[in-house]
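Engineer: Quick one: the structure is below, questions incoming.
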Amino acid sequence: MTAVLEAHGYGKRYRGRPWALRGLDLEVPEGSITALVGPNGSGKSTLIRGWIGFEPPTEGRLSIAGIDPQRHRKTAVMRSGYVPQQPALYRELTVAEHIELGVTFRTGFDADLARHYVERLGIPLAAQANQLSGGEQAQVGLALALGTRARILLLDEPLASLDPLARREFLHVLVTAVRGEGHTALLSSHVITDIEQACDRLVVLGRGRTLLDLSVADALAHHRVVEAASWEPGQPGTIGTFPTTTDERLTLVRVGALAAATPIGRPATLEEVVIGHLAAGRRRGQLEADEPVPGFAS
Amino acid sequence: MIRRIVRLTFRMHRFEVGAIVILAALLILGSIIVSWALANVGLSPECQRLAETGELPDSCVVAFETFNKIASLASPISLLTTLFPIIAGLLIGGPIMAREIEHGTTSLAWSLSPSRLRWFLHRVVPMVVLLLGVSFAVGAAADHLTHALNPQADLSASFIGFRFRGVLLATQAFLLASTAVAVGALFGRAVPTFLLSLILGMLTIVAVGLIHRQLLLAEVAIQRQVGDNFFISNADLYIDSRFELPDGRLMTAEEVFIFDPQAFEGEFGQKYPNVSLIIPGERYRVVEAREAAIEVVIGLVVLAGGALVVTRRRPT
């Protein structure tokens, strides 16, 4: 399958701060809805903004639909629809005026389609942006992104400010639009339960790199959880140990074809897969941090 | 499409647009009312001429006092008119870029608009055109008021109120607005943009005045002292003074001191007559047009710098 979003040895470091991402290799296949998951500061927004040409890489390269977004920013913007992390509507304008704005900015902006999605999401066109909740503003952002008719959608944590019902509506509109038109979507989020229903791929970022890159089906099929107390740490397949809300500690285990025939523990939920890999990433980070620096060991 | 762009831009900046239009309307209205009142005092040309000599006959006193009383009402209008380019330039130019970047709306706009230059022009051009139109109107009203206060003067050939009336009010406002746009694009914060633009804009306007003064030194006419009277018409623009040597050379005091150390000794204190360097009022239109052109060119260059910053910076 062709990859429409690619990162090769991508690294980004902001001045005076540690690397946000480093040595990242990632490919997002065409026609997929990929979830980009990771803790705060793991570089999700940086990566998405890099693909739309907002952030130049410090090292490595990115490509969107086969082009370098830094060298061909206009084309990158034309090929993508973007929903930013913070709702960024003009407070003084109505929803309908935002759609008009899209028409003035972009040749081929489909105002009727954007209006259709706004109405479908139950947002009044005459509403002033400053009267909308954060969730409604994110929904308007999605409608505007869909109005671009871009084949690649980049959504930077759009679910964060939505209530559960609005999240469902948002994802329903997104999935219908993407599946119906054969688009590709990359959605960064913390809300893993919703991702499971909407996305077909899962990428977990942590410590500035990719911790997991699998289809959602494979992620669920190849991971199980066992009680940490009954599991010998360091056994083959051990990924990470994490606490539950009931003070229990679970260990995420990757199972191969052989182990799958003799199941251990119980199947992991997608949330447990993500948490287990994040815990493993954090542990690896701590181990790396604990390693003595050559020449400075006491 | 253009009408839609203008409407949306004005809607985004409706507070600034409203404030500037109301302030301009008040200034224009005030200028018209005071000018009309001054014209109706009935101060005859003869009384005006005599008032300038300081020998006012009793028949003129009442009209002259009434004229002065009404003229005092013009002071706050003149002061606000003088400040108008600063207020309007900063209020219009400051928020265009700084507020967009600060509020994060650039993320939306720059992801929708493939060309940031087009977005920049959509935001800046309608506001600058509005600013120029309103400032020209205020400048014209200031011309009208200046004429009412100086009925004897031909303002097309007089430096009375130079830089505080006419087209220069509009070009000063344009220069300040351009500075605010560029600073806003660079810093992306509203309050620092206002403060820094005020300082940079004012320094630029002062610098333009000083540079223009240097250019004018090559075009000056010499105004010689007649007896004890060193009268310079207020229609002329005073540039500087020099000492005139017998052979016609003009020197500054420092140059004279080096050339002839005894020049300032003796009974009358100085050996060579002092002369004034002036630009005659007849050259007003040329000088005004040139200064306006300098300010417009600088403003355009600064705006181009702002556009360059926009094409290269990251949104917040």
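Each chain in the structure tokens gets a letter, A, B, ..., in the order shown, and its residues are numbered from 1; ligands are numbered from 1 in order too.
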Show me, as an MDAnalysis selection string, the residues that have an atom within 12 Å of B:His212 when counting only C-alpha atoms, minus same-chain residues fewer than 3 positions from it.

Structural biologist: chainID B and resid 204:209 215:219 239 287:295

Engineer: Taking 4 positions as the minimum chain separation for residues in the same chain, which residues sit within 8 Å of A:Thr193 when counting only C-alpha atoms? Answer as a list in words.

Structural biologist: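 These residues fall inside the cut-off: Gln197, Leu270 and Glu271 of chain A.
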
Engineer: Mind checking DSSP for stretch 61-179 of chain A and telling me the alpha helix (DSSP H) residues as number ranges by chain?

Structural biologist: A: 73-78, 95-105, 111-120, 134-147, 164-179

Engineer: Taking only C-alpha atoms into account and nothing else, which residues of chain B lie no more than 9 Å away from chain A? Please answer as a ChimeraX atom specification.

Structural biologist: /B:1-2,4-5,8,11-14,100,103-116,118-119,122,313-315

Engineer: What is the atom CA of A:Leu155-atom CA of A:Ser188 distance in Å, reported with one decimal?

Structural biologist: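 Separation between atom CA of A:Leu155 and atom CA of A:Ser188: 6.3 Å.
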
Engineer: Please provide the set of residues having any atom within 9 Å of A:Thr241, restricted to only C-alpha atoms, with same-chain residues fewer than 3 positions apart removed, written as an MDAnalysis selection string.

Structural biologist: chainID A and resid 228 238 249:252 275:277 279:280

Engineer: Have a look at atom CA of A:Arg209 and atom CA of A:Ala138 and let me know their distance in Å, one decimal.

Structural biologist: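 The value is 27.5 Å.
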
Engineer: Tell me which of B:Met97, B:Ile70, B:Ala235, B:Val296 sits closest to B:Leu132, counting only C-alpha atoms.

Structural biologist: B:Val296

Engineer: Env of A:Glu196: 12 Å cut, atoms = only C-alpha atoms, seq-sep filter 3 positions within chain, self excluded. Answer as an MDAnalysis selection string.

Structural biologist: chainID A and resid 33:37 168 171 187 189:193 199:202 215:217 219:220 269:274
